[in-house]
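Dropping model-v6.pdb in here (PDB, C-alpha atoms):
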```
ATOM      1  CA  MET A 520       0.000   0.000   0.000
ATOM      2  CA  SER A 521       1.344   3.443  -0.776
ATOM      3  CA  SER A 522       0.462   7.095  -0.383
ATOM      4  CA  SER A 523       2.559   9.984  -1.566
ATOM      5  CA  LEU A 524       4.504  12.887  -0.193
ATOM      6  CA  SER A 525       3.556  16.392  -1.189
ATOM      7  CA  ALA A 526       6.600  16.456  -3.461
ATOM      8  CA  GLY A 527       5.187  13.479  -5.375
ATOM      9  CA  VAL A 528       7.661  10.909  -4.040
ATOM     10  CA  PRO A 529       5.804   7.651  -3.373
ATOM     11  CA  VAL A 530       5.742   6.407   0.206
ATOM     12  CA  ARG A 531       5.599   2.661   0.814
ATOM     13  CA  HIS A 532       3.703   1.390   3.819
ATOM     14  CA  TYR A 533       3.782  -2.089   5.340
ATOM     15  CA  LEU A 534       0.256  -2.654   6.617
ATOM     16  CA  GLN A 535      -0.134  -6.314   5.625
ATOM     17  CA  PHE A 536       2.060  -9.003   4.107
ATOM     18  CA  SER A 537       0.562  -8.503   0.645
ATOM     19  CA  ASP A 538       1.959  -4.955   0.473
ATOM     20  CA  LEU A 539       5.294  -6.294  -0.814
ATOM     21  CA  THR A 540       6.233  -8.616  -3.668
ATOM     22  CA  ALA A 541       8.181 -11.869  -3.730
ATOM     23  CA  SER A 542      11.132  -9.902  -5.128
ATOM     24  CA  ASP A 543      10.923  -7.395  -2.253
ATOM     25  CA  TYR A 544      10.922 -10.242   0.253
ATOM     26  CA  ALA A 545      13.907 -11.937  -1.370
ATOM     27  CA  TYR A 546      15.825  -8.686  -0.943
ATOM     28  CA  ILE A 547      14.670  -8.128   2.657
ATOM     29  CA  PHE A 548      15.628 -11.673   3.714
ATOM     30  CA  GLU A 549      19.047 -11.316   2.100
ATOM     31  CA  ARG A 550      19.527  -7.918   3.734
ATOM     32  CA  ALA A 551      18.364  -9.246   7.120
ATOM     33  CA  ALA A 552      20.997 -11.993   6.938
ATOM     34  CA  LEU A 553      23.700  -9.385   6.315
ATOM     35  CA  ILE A 554      22.443  -7.103   9.099
ATOM     36  CA  LYS A 555      22.258 -10.044  11.523
ATOM     37  CA  LYS A 556      25.789 -11.148  10.652
ATOM     38  CA  LYS A 557      27.094  -7.628  11.338
ATOM     39  CA  PHE A 558      25.135  -7.497  14.612
ATOM     40  CA  LYS A 559      26.701 -10.779  15.761
ATOM     41  CA  THR A 560      30.215  -9.491  15.068
ATOM     42  CA  TYR A 561      29.595  -6.067  16.680
ATOM     43  CA  GLU A 562      30.028  -4.321  13.342
ATOM     44  CA  LYS A 563      28.213  -0.997  13.103
ATOM     45  CA  HIS A 564      25.418  -0.676  10.567
ATOM     46  CA  HIS A 565      24.148   2.898  10.794
ATOM     47  CA  SER A 566      22.148   3.123   7.579
ATOM     48  CA  LEU A 567      19.395   5.156   9.284
ATOM     49  CA  ALA A 568      21.583   7.659  11.116
ATOM     50  CA  ASP A 569      19.624  10.783  12.152
ATOM     51  CA  ARG A 570      16.280   9.158  11.238
ATOM     52  CA  THR A 571      13.491   8.963  13.827
ATOM     53  CA  LEU A 572      10.945   6.198  14.357
ATOM     54  CA  ALA A 573       7.678   6.946  16.187
ATOM     55  CA  MET A 574       6.178   3.874  17.873
ATOM     56  CA  ILE A 575       2.490   4.093  18.788
ATOM     57  CA  PHE A 576       1.129   1.390  21.094
ATOM     58  CA  GLU A 577      -2.569   0.912  21.737
ATOM     59  CA  LYS A 578      -1.914  -2.778  22.484
ATOM     60  CA  ALA A 579       0.717  -3.781  25.029
ATOM     61  CA  SER A 580       3.922  -5.311  23.749
ATOM     62  CA  THR A 581       7.221  -6.916  24.730
ATOM     63  CA  ARG A 582       8.861  -8.271  21.580
ATOM     64  CA  THR A 583       7.476  -5.596  19.248
ATOM     65  CA  ARG A 584       8.680  -2.738  21.416
ATOM     66  CA  VAL A 585      12.122  -4.164  22.172
ATOM     67  CA  SER A 586      12.802  -5.276  18.594
ATOM     68  CA  PHE A 587      11.755  -2.012  16.949
ATOM     69  CA  GLU A 588      13.336   0.253  19.569
ATOM     70  CA  ALA A 589      16.630  -1.628  19.801
ATOM     71  CA  GLY A 590      16.647  -2.065  16.028
ATOM     72  CA  MET A 591      16.243   1.621  15.259
ATOM     73  CA  TYR A 592      19.004   2.556  17.702
ATOM     74  CA  GLN A 593      21.270  -0.101  16.185
ATOM     75  CA  LEU A 594      20.642   1.437  12.749
ATOM     76  CA  GLY A 595      21.900   4.763  14.124
ATOM     77  CA  GLY A 596      18.464   6.349  14.471
ATOM     78  CA  SER A 597      16.322   7.440  17.387
ATOM     79  CA  VAL A 598      12.900   6.499  18.741
ATOM     80  CA  VAL A 599       9.834   8.283  20.109
ATOM     81  CA  HIS A 600       7.608   5.958  22.136
ATOM     82  CA  LEU A 601       3.886   6.740  22.484
ATOM     83  CA  THR A 602       1.308   4.692  24.410
ATOM     84  CA  THR A 603      -2.475   4.902  24.426
ATOM     85  CA  GLY A 604      -2.386   7.566  27.128
ATOM     86  CA  ASP A 605       0.048   9.696  25.128
ATOM     87  CA  SER A 606      -1.601   9.417  21.737
ATOM     88  CA  GLN A 607      -5.200   8.128  21.938
ATOM     89  CA  LEU A 608      -5.517   7.561  18.227
ATOM     90  CA  GLY A 609      -8.901   8.766  17.079
ATOM     91  CA  ARG A 610     -10.015   9.801  20.573
ATOM     92  CA  ALA A 611      -8.130  12.946  21.548
ATOM     93  CA  GLU A 612      -8.136  13.981  17.883
ATOM     94  CA  PRO A 613      -9.035  12.364  14.559
ATOM     95  CA  ILE A 614      -6.575   9.745  13.312
ATOM     96  CA  GLU A 615      -6.125  11.755  10.121
ATOM     97  CA  ASP A 616      -4.956  14.792  12.116
ATOM     98  CA  SER A 617      -2.596  12.718  14.266
ATOM     99  CA  ALA A 618      -1.072  11.229  11.119
ATOM    100  CA  LYS A 619      -0.552  14.611   9.497
ATOM    101  CA  VAL A 620       1.176  16.000  12.585
ATOM    102  CA  ILE A 621       3.305  13.025  13.637
ATOM    103  CA  SER A 622       4.485  12.274  10.101
ATOM    104  CA  ARG A 623       5.836  15.823   9.747
ATOM    105  CA  MET A 624       8.146  15.252  12.717
ATOM    106  CA  VAL A 625       9.508  11.734  12.180
ATOM    107  CA  ASP A 626      10.748   9.555   9.315
ATOM    108  CA  LEU A 627       8.882   6.335  10.056
ATOM    109  CA  VAL A 628       5.867   5.251  12.151
ATOM    110  CA  MET A 629       5.146   1.828  13.665
ATOM    111  CA  ILE A 630       1.655   1.275  15.067
ATOM    112  CA  ARG A 631       0.347  -1.613  17.195
ATOM    113  CA  THR A 632      -3.407  -1.275  17.522
ATOM    114  CA  TYR A 633      -6.789  -2.984  17.236
ATOM    115  CA  GLU A 634      -8.696  -2.501  13.962
ATOM    116  CA  GLN A 635      -6.820  -2.612  10.661
ATOM    117  CA  THR A 636      -8.949   0.357   9.535
ATOM    118  CA  LYS A 637      -7.155   2.544  12.109
ATOM    119  CA  ILE A 638      -3.715   1.905  10.690
ATOM    120  CA  GLU A 639      -5.038   2.282   7.136
ATOM    121  CA  SER A 640      -6.545   5.679   8.005
ATOM    122  CA  PHE A 641      -3.272   6.780   9.570
ATOM    123  CA  ALA A 642      -1.234   5.624   6.565
ATOM    124  CA  ALA A 643      -3.554   7.363   4.109
ATOM    125  CA  HIS A 644      -2.661  10.714   5.736
ATOM    126  CA  SER A 645       0.992  10.026   6.571
ATOM    127  CA  ARG A 646       3.906  11.608   4.710
ATOM    128  CA  VAL A 647       6.216   8.790   5.876
ATOM    129  CA  PRO A 648       6.134   4.969   5.803
ATOM    130  CA  VAL A 649       3.813   3.296   8.320
ATOM    131  CA  ILE A 650       4.480  -0.240   9.612
ATOM    132  CA  ASN A 651       1.908  -2.581  11.116
ATOM    133  CA  GLY A 652       3.289  -3.775  14.461
ATOM    134  CA  LEU A 653       0.101  -5.839  14.926
ATOM    135  CA  THR A 654      -3.626  -5.382  14.362
ATOM    136  CA  ASN A 655      -6.606  -7.648  14.999
ATOM    137  CA  GLU A 656      -6.456  -8.744  11.361
ATOM    138  CA  PHE A 657      -2.727  -9.010  10.532
ATOM    139  CA  HIS A 658       0.748  -9.432  12.044
ATOM    140  CA  PRO A 659       3.096  -9.122   9.036
ATOM    141  CA  CYS A 660       6.328  -8.417  10.937
ATOM    142  CA  GLN A 661       5.969 -11.665  12.879
ATOM    143  CA  ILE A 662       5.493 -13.768   9.747
ATOM    144  CA  LEU A 663       8.444 -11.926   8.198
ATOM    145  CA  ALA A 664      10.552 -13.155  11.130
ATOM    146  CA  ASP A 665       9.068 -16.655  10.998
ATOM    147  CA  ILE A 666       9.856 -17.139   7.319
ATOM    148  CA  PHE A 667      13.367 -15.726   7.745
ATOM    149  CA  THR A 668      13.877 -18.213  10.600
ATOM    150  CA  TYR A 669      12.690 -21.091   8.407
ATOM    151  CA  ILE A 670      15.086 -20.025   5.643
ATOM    152  CA  GLU A 671      17.978 -19.906   8.128
ATOM    153  CA  HIS A 672      17.296 -23.434   9.341
ATOM    154  CA  ARG A 673      15.962 -25.223   6.261
ATOM    155  CA  GLY A 674      16.469 -23.059   3.165
ATOM    156  CA  ALA A 675      13.794 -21.769   0.794
ATOM    157  CA  ILE A 676      10.187 -22.032   1.954
ATOM    158  CA  ALA A 677       8.752 -22.221  -1.590
ATOM    159  CA  GLY A 678       7.069 -25.590  -2.146
ATOM    160  CA  LYS A 679       6.995 -26.428   1.578
ATOM    161  CA  THR A 680       3.991 -27.070   3.837
ATOM    162  CA  VAL A 681       3.179 -25.060   6.963
ATOM    163  CA  ALA A 682       0.617 -26.471   9.422
ATOM    164  CA  TRP A 683      -1.352 -23.804  11.301
ATOM    165  CA  VAL A 684      -3.036 -25.300  14.366
ATOM    166  CA  GLY A 685      -5.375 -23.143  16.443
ATOM    167  CA  ASP A 686      -7.206 -19.867  16.052
ATOM    168  CA  GLY A 687      -8.024 -18.368  12.649
ATOM    169  CA  ASN A 688      -6.537 -15.082  13.833
ATOM    170  CA  ASN A 689      -4.212 -12.325  12.578
ATOM    171  CA  MET A 690      -1.292 -14.767  12.426
ATOM    172  CA  ALA A 691      -3.285 -17.275  10.377
ATOM    173  CA  ASN A 692      -4.479 -14.532   7.992
ATOM    174  CA  THR A 693      -0.902 -13.401   7.469
ATOM    175  CA  TRP A 694       0.423 -16.929   6.893
ATOM    176  CA  LEU A 695      -2.202 -17.324   4.161
ATOM    177  CA  GLN A 696      -1.138 -14.083   2.478
ATOM    178  CA  ALA A 697       2.507 -15.160   2.662
ATOM    179  CA  SER A 698       1.748 -18.554   1.106
ATOM    180  CA  GLU A 699       0.081 -16.931  -1.885
ATOM    181  CA  ILE A 700       3.037 -14.585  -2.482
ATOM    182  CA  LEU A 701       5.955 -16.908  -1.701
ATOM    183  CA  GLY A 702       4.627 -20.160  -3.141
ATOM    184  CA  PHE A 703       4.171 -22.527  -0.223
ATOM    185  CA  LYS A 704       1.138 -24.349   1.172
ATOM    186  CA  VAL A 705      -0.661 -23.819   4.491
ATOM    187  CA  HIS A 706      -2.656 -26.570   6.183
ATOM    188  CA  VAL A 707      -5.154 -24.830   8.461
ATOM    189  CA  SER A 708      -6.924 -26.547  11.346
ATOM    190  CA  THR A 709      -9.150 -24.544  13.691
ATOM    191  CA  PRO A 710     -12.111 -25.447  15.909
ATOM    192  CA  GLY A 711     -15.560 -24.801  14.449
ATOM    193  CA  GLY A 712     -16.500 -21.137  14.756
ATOM    194  CA  TYR A 713     -12.869 -19.978  14.709
ATOM    195  CA  GLU A 714     -12.112 -20.535  11.024
ATOM    196  CA  VAL A 715      -9.992 -18.303   8.834
ATOM    197  CA  ASP A 716     -12.061 -15.912   6.722
ATOM    198  CA  GLN A 717     -10.611 -15.837   3.198
ATOM    199  CA  ALA A 718     -12.195 -12.413   2.597
ATOM    200  CA  VAL A 719     -10.496 -10.914   5.693
ATOM    201  CA  ALA A 720      -7.195 -12.521   4.718
ATOM    202  CA  GLY A 721      -7.602 -10.863   1.321
ATOM    203  CA  LEU A 722      -6.746 -13.920  -0.762
ATOM    204  CA  ARG A 723      -7.451 -14.105  -4.473
ATOM    205  CA  SER A 724      -8.096 -17.863  -4.278
ATOM    206  CA  SER A 725      -7.899 -20.859  -1.941
ATOM    207  CA  ASP A 726      -5.174 -22.553  -4.001
ATOM    208  CA  SER A 727      -2.394 -21.966  -1.451
ATOM    209  CA  TYR A 728      -4.154 -23.412   1.591
ATOM    210  CA  GLN A 729      -6.211 -26.413   2.663
ATOM    211  CA  VAL A 730      -8.570 -26.689   5.645
ATOM    212  CA  PHE A 731      -8.579 -29.722   7.961
ATOM    213  CA  SER A 732     -11.045 -30.397  10.768
ATOM    214  CA  ASP A 733      -8.503 -32.742  12.397
ATOM    215  CA  PRO A 734      -5.265 -31.018  13.491
ATOM    216  CA  MET A 735      -3.361 -34.307  13.206
ATOM    217  CA  GLU A 736      -4.230 -34.442   9.499
ATOM    218  CA  ALA A 737      -3.135 -30.820   9.088
ATOM    219  CA  CYS A 738       0.273 -31.691  10.573
ATOM    220  CA  ALA A 739       0.778 -34.798   8.416
ATOM    221  CA  GLY A 740       3.889 -34.282   6.279
ATOM    222  CA  ALA A 741       4.302 -30.631   7.313
ATOM    223  CA  ASP A 742       7.719 -28.959   7.178
ATOM    224  CA  LEU A 743       6.720 -26.442   9.855
ATOM    225  CA  VAL A 744       4.105 -26.647  12.610
ATOM    226  CA  THR A 745       3.068 -23.357  14.170
ATOM    227  CA  THR A 746       0.436 -22.036  16.547
ATOM    228  CA  ASP A 747      -0.537 -19.089  18.750
ATOM    229  CA  VAL A 748      -2.342 -18.495  22.036
ATOM    230  CA  TRP A 749      -6.001 -19.517  22.045
ATOM    231  CA  THR A 750      -7.124 -16.090  23.235
ATOM    232  CA  SER A 751      -5.545 -13.098  21.513
ATOM    233  CA  MET A 752      -5.460  -9.589  23.007
ATOM    234  CA  GLY A 753      -8.896  -8.022  22.886
ATOM    235  CA  TYR A 754     -10.735 -11.363  23.181
ATOM    236  CA  GLU A 755     -10.132 -12.031  26.894
ATOM    237  CA  ALA A 756     -13.880 -12.212  27.644
ATOM    238  CA  GLU A 757     -14.018 -15.372  25.512
ATOM    239  CA  ASN A 758     -11.185 -17.101  27.367
ATOM    240  CA  GLU A 759     -13.149 -19.857  29.122
ATOM    241  CA  ALA A 760     -15.253 -20.679  26.040
ATOM    242  CA  ARG A 761     -12.101 -20.805  23.936
ATOM    243  CA  LYS A 762     -10.343 -23.179  26.350
ATOM    244  CA  LEU A 763     -13.197 -25.656  25.868
ATOM    245  CA  ALA A 764     -13.408 -25.207  22.098
ATOM    246  CA  PHE A 765      -9.640 -25.501  21.526
ATOM    247  CA  ASN A 766      -9.001 -28.477  23.793
ATOM    248  CA  ASP A 767      -8.009 -30.781  20.896
ATOM    249  CA  TRP A 768      -5.829 -28.135  19.229
ATOM    250  CA  CYS A 769      -2.831 -28.350  21.566
ATOM    251  CA  VAL A 770       0.350 -29.025  19.602
ATOM    252  CA  ASP A 771       1.868 -32.108  21.214
ATOM    253  CA  ALA A 772       4.517 -34.725  20.453
ATOM    254  CA  ASP A 773       2.021 -36.800  18.422
ATOM    255  CA  MET A 774       1.347 -33.878  16.073
ATOM    256  CA  MET A 775       5.074 -33.280  15.647
ATOM    257  CA  ARG A 776       5.560 -36.986  14.870
ATOM    258  CA  ALA A 777       2.870 -36.698  12.176
ATOM    259  CA  ALA A 778       4.922 -33.923  10.549
ATOM    260  CA  ARG A 779       8.141 -34.536   8.652
ATOM    261  CA  PRO A 780      11.058 -35.818  10.787
ATOM    262  CA  ASP A 781      12.940 -32.538  10.268
ATOM    263  CA  ALA A 782       9.875 -30.330  10.831
ATOM    264  CA  LEU A 783      10.336 -27.165  12.870
ATOM    265  CA  PHE A 784       7.995 -25.810  15.543
ATOM    266  CA  MET A 785       7.272 -22.086  15.849
ATOM    267  CA  HIS A 786       5.197 -19.901  18.167
ATOM    268  CA  CYS A 787       5.088 -16.097  18.097
ATOM    269  CA  LEU A 788       5.020 -15.934  21.946
ATOM    270  CA  PRO A 789       3.980 -15.399  24.675
ATOM    271  CA  ALA A 790       3.150 -19.101  25.049
ATOM    272  CA  HIS A 791       0.945 -20.941  27.510
ATOM    273  CA  ARG A 792       2.507 -24.358  28.006
ATOM    274  CA  GLY A 793      -0.185 -26.995  28.440
ATOM    275  CA  GLU A 794      -2.725 -24.988  26.446
ATOM    276  CA  GLU A 795      -1.873 -24.357  22.772
ATOM    277  CA  VAL A 796       1.424 -26.253  23.005
ATOM    278  CA  GLU A 797       2.923 -28.875  25.298
ATOM    279  CA  ALA A 798       6.130 -27.986  27.110
ATOM    280  CA  ASP A 799       8.058 -30.885  25.546
ATOM    281  CA  VAL A 800       7.354 -29.421  22.088
ATOM    282  CA  ILE A 801       8.122 -25.734  22.666
ATOM    283  CA  ASP A 802      11.161 -26.613  24.780
ATOM    284  CA  GLY A 803      12.144 -29.575  22.582
ATOM    285  CA  PRO A 804      14.756 -30.005  19.835
ATOM    286  CA  GLN A 805      12.428 -29.100  16.933
ATOM    287  CA  SER A 806      11.463 -25.752  18.454
ATOM    288  CA  VAL A 807      13.079 -22.611  17.041
ATOM    289  CA  VAL A 808      10.975 -20.116  18.998
ATOM    290  CA  TRP A 809      13.947 -18.239  20.484
ATOM    291  CA  ASP A 810      15.616 -17.774  17.094
ATOM    292  CA  GLU A 811      12.214 -16.720  15.788
ATOM    293  CA  ALA A 812      11.817 -14.114  18.539
ATOM    294  CA  GLU A 813      15.323 -12.709  17.998
ATOM    295  CA  ASN A 814      14.788 -12.526  14.257
ATOM    296  CA  ARG A 815      12.059  -9.917  14.714
ATOM    297  CA  LEU A 816      14.985  -7.561  15.400
ATOM    298  CA  HIS A 817      16.899  -8.366  12.234
ATOM    299  CA  VAL A 818      14.060  -8.542   9.691
ATOM    300  CA  GLN A 819      12.489  -5.338  11.006
ATOM    301  CA  LYS A 820      15.800  -3.525  10.650
ATOM    302  CA  ALA A 821      15.946  -4.704   7.040
ATOM    303  CA  LEU A 822      12.301  -3.687   6.550
ATOM    304  CA  MET A 823      12.750  -0.173   7.980
ATOM    305  CA  GLU A 824      15.853   0.344   5.866
ATOM    306  CA  PHE A 825      14.002  -0.887   2.756
ATOM    307  CA  LEU A 826      10.977   1.368   3.299
ATOM    308  CA  LEU A 827      13.165   4.440   3.773
ATOM    309  CA  LEU A 828      16.073   3.780   1.397
ATOM    310  CA  GLY A 829      14.812   1.188  -1.095
ATOM    311  CA  LYS A 830      17.084  -1.587  -2.357
ATOM    312  CA  LEU A 831      20.705  -0.676  -1.654
TER     313      LEU A 831
END
```
Render the structure in this file as structure tokens.
Amino acid sequence: MSSSLSAGVPVRHYLQFSDLTASDYAYIFERAALIKKKFKTYEKHHSLADRTLAMIFEKASTRTRVSFEAGMYQLGGSVVHLTTGDSQLGRAEPIEDSAKVISRMVDLVMIRTYEQTKIESFAAHSRVPVINGLTNEFHPCQILADIFTYIEHRGAIAGKTVAWVGDGNNMANTWLQASEILGFKVHVSTPGGYEVDQAVAGLRSSDSYQVFSDPMEACAGADLVTTDVWTSMGYEAENEARKLAFNDWCVDADMMRAARPDALFMHCLPAHRGEEVEADVIDGPQSVVWDEAENRLHVQKALMEFLLLGKL
């Protein structure tokens, strides 16, 4: 998605995974690998010196805040951190006005909020790139990190199978978008009433995913098994009902055995051991959740650099 500066220079936003092309992703993953290598050897990479990132949080965060804030500082830039009390998007003043003001003072904006429409309204009136740090509908930066992690461990994801076990939420929607763009397959298994909505995910067709009522069948032959908490932020009132509905959708050793022998396990965290995943899976040898969490830092640095500077 893009808007434009008053001078006519196009601005690229990252509001959902489908905002970039397969070619863009190939570049970002390659760049992230370089940036990570430099980070590990304490080599400076100040490509965004004197640039400022504004981070707006309406939803609480650990990994998103640390990865974006540390990442921007490591790129030589600076960060302004705003919470609900500081900004009140659309409450203290219209979102459009907030966007016009904030984007005149910074170079980049990351927003973590509820409805996707909020971030779209902000982006439509922003003079600078806007990044989705999470909305109810999408979580593109997390899937960016997940796919980069898969590539690190197993090589190209094209042609592979990802099993999504659990809620048809923002993570599931984003996995489906990624599969359509990057050429892999997603096996989706959710309890009844919690299915993925193809219209919300914004897919052109159902060719890149298959739905299974049995999570064991979804995991059969998968190269990657991944899940999320049963109750996402904003749905806490449904917690008890969800625990009952999702009881058979806990990723356990049997599901991992149904997958390929070299299958990886991922979880975007925070995790509830004994609910959506058993401890012996998330803490076991196939789990790459800690690499996955760290990689938010590296892919987001590559993403911010790309949105501001293009392909270098």
Can you work out which one of A:Ser751, A:Thr709, A:Ser725, A:Thr693 has the shortest atom-to-atom distance to Tyr633 of chain A, counting all atoms listed in the file?
A:Ser751
I need the output of the PyMOL selection byres ((chain A and resi 683) around 8) for this file as a PyMOL selection string; which residues are they?
chain A and resi 681-682+684-685+691+705-708+737+744-746
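When you apply the PyMOL selection byres ((chain A and resi 652) around 10) to this structure, what comes back is A:Tyr533, A:Leu534, A:Gln535, A:Met574, A:Ile575, A:Phe576, A:Lys578, A:Ser580, A:Thr583, A:Arg584, A:Phe587, A:Val628, A:Met629, A:Ile630, A:Arg631, A:Thr632, A:Ile638, A:Val649, A:Ile650, A:Asn651, A:Leu653, A:Thr654, A:Phe657, A:His658, A:Pro659, A:Cys660, A:Gln661, A:Gln819.
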Can you translate the PyMOL selection byres ((chain A and resi 753) around 12) into the concrete residues it hits in this file, as a list in words?
Glu577, Lys578, Ala579, Thr632, Tyr633, Glu634, Thr654, Asn655, Glu656, Asn688, Trp749, Thr750, Ser751, Met752, Tyr754, Glu755, Ala756, Glu757 and Asn758 of chain A
Counting all atoms listed in the file, the residue of A:Gln729, A:Ser640, A:Thr680, A:Gln717 that sits nearest Lys619 of chain A:
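For Lys619 of chain A, the nearest of the given residues is A:Ser640.
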I'd like the contact shell of segment 554-564 of chain A - 9 Å cut-off, only C-alpha atoms, skipping same-chain residues fewer than 3 positions apart - returned as number ranges by chain.
A: 549-551, 567, 593-595, 814, 816-818, 820-821
Using only C-alpha atoms, which residues sit within 8 Å of Leu826 of chain A once same-chain residues fewer than 2 positions away are excluded, as a list in words?
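Result of the neighbour search: Val530, Arg531, His532, Pro648, Leu822, Met823, Glu824, Leu828 and Gly829 of chain A.
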Quick one: distance from atom CA of Leu788 of chain A to atom CA of Thr571 of chain A in Å, one decimal?
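Straight-line distance from atom CA of Leu788 of chain A to atom CA of Thr571 of chain A works out to 27.5 Å.
The smallest atom-to-atom distance between Ala677 of chain A and any of A:Ser732, A:Gln635, A:Thr581, A:Ser727, using all atoms listed in the file, is found for A:Ser727.
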One decimal, in Å: what's the spacing between atom CA of Ile801 of chain A and atom CA of Lys679 of chain A?
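Here the two named atoms are 21.1 Å from each other.
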Using all atoms listed in the file, can you tell me which of A:Glu639, A:Asp616, A:Asp742, A:Asp733 comes closest to Ala675 of chain A?
A:Asp742
Just give me the gap between atom CA of Ala541 of chain A and atom CA of Pro789 of chain A in Å, one decimal is fine.
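About the pair atom CA of Ala541 of chain A and atom CA of Pro789 of chain A: they are 28.9 Å apart.
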Given the point (5.4, -30.7, 25.5) in the coordinates of this file, which residues lie within 12 Å, counting only C-alpha atoms, and how would they look as a PyMOL selection string?
chain A and resi 769-775+784+790-806
Those residues you just picked out, can you put them in a file as a PDB file, keeping the file's coordinate frame with C-alpha atoms?
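Wrote it out as part_3.pdb, contents follow:
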```
ATOM      1  CA  CYS A 769      -2.831 -28.350  21.566  1.00  0.00           C
ATOM      2  CA  VAL A 770       0.350 -29.025  19.602  1.00  0.00           C
ATOM      3  CA  ASP A 771       1.868 -32.108  21.214  1.00  0.00           C
ATOM      4  CA  ALA A 772       4.517 -34.725  20.453  1.00  0.00           C
ATOM      5  CA  ASP A 773       2.021 -36.800  18.422  1.00  0.00           C
ATOM      6  CA  MET A 774       1.347 -33.878  16.073  1.00  0.00           C
ATOM      7  CA  MET A 775       5.074 -33.280  15.647  1.00  0.00           C
ATOM      8  CA  PHE A 784       7.995 -25.810  15.543  1.00  0.00           C
ATOM      9  CA  ALA A 790       3.150 -19.101  25.049  1.00  0.00           C
ATOM     10  CA  HIS A 791       0.945 -20.941  27.510  1.00  0.00           C
ATOM     11  CA  ARG A 792       2.507 -24.358  28.006  1.00  0.00           C
ATOM     12  CA  GLY A 793      -0.185 -26.995  28.440  1.00  0.00           C
ATOM     13  CA  GLU A 794      -2.725 -24.988  26.446  1.00  0.00           C
ATOM     14  CA  GLU A 795      -1.873 -24.357  22.772  1.00  0.00           C
ATOM     15  CA  VAL A 796       1.424 -26.253  23.005  1.00  0.00           C
ATOM     16  CA  GLU A 797       2.923 -28.875  25.298  1.00  0.00           C
ATOM     17  CA  ALA A 798       6.130 -27.986  27.110  1.00  0.00           C
ATOM     18  CA  ASP A 799       8.058 -30.885  25.546  1.00  0.00           C
ATOM     19  CA  VAL A 800       7.354 -29.421  22.088  1.00  0.00           C
ATOM     20  CA  ILE A 801       8.122 -25.734  22.666  1.00  0.00           C
ATOM     21  CA  ASP A 802      11.161 -26.613  24.780  1.00  0.00           C
ATOM     22  CA  GLY A 803      12.144 -29.575  22.582  1.00  0.00           C
ATOM     23  CA  PRO A 804      14.756 -30.005  19.835  1.00  0.00           C
ATOM     24  CA  GLN A 805      12.428 -29.100  16.933  1.00  0.00           C
ATOM     25  CA  SER A 806      11.463 -25.752  18.454  1.00  0.00           C
TER      26      SER A 806
END
```
Step by step, gather every atom of segment 693-699 of chain A that the file lists, find the box along x, y and z that holds them, add 6 Å on each side, and finally give centre and edge lengths in Å to one decimal, as lines of an AutoDock Vina configuration file.
```
center_x = 0.2
center_y = -16.0
center_z = 2.8
size_x = 16.7
size_y = 17.2
size_z = 21.4
```
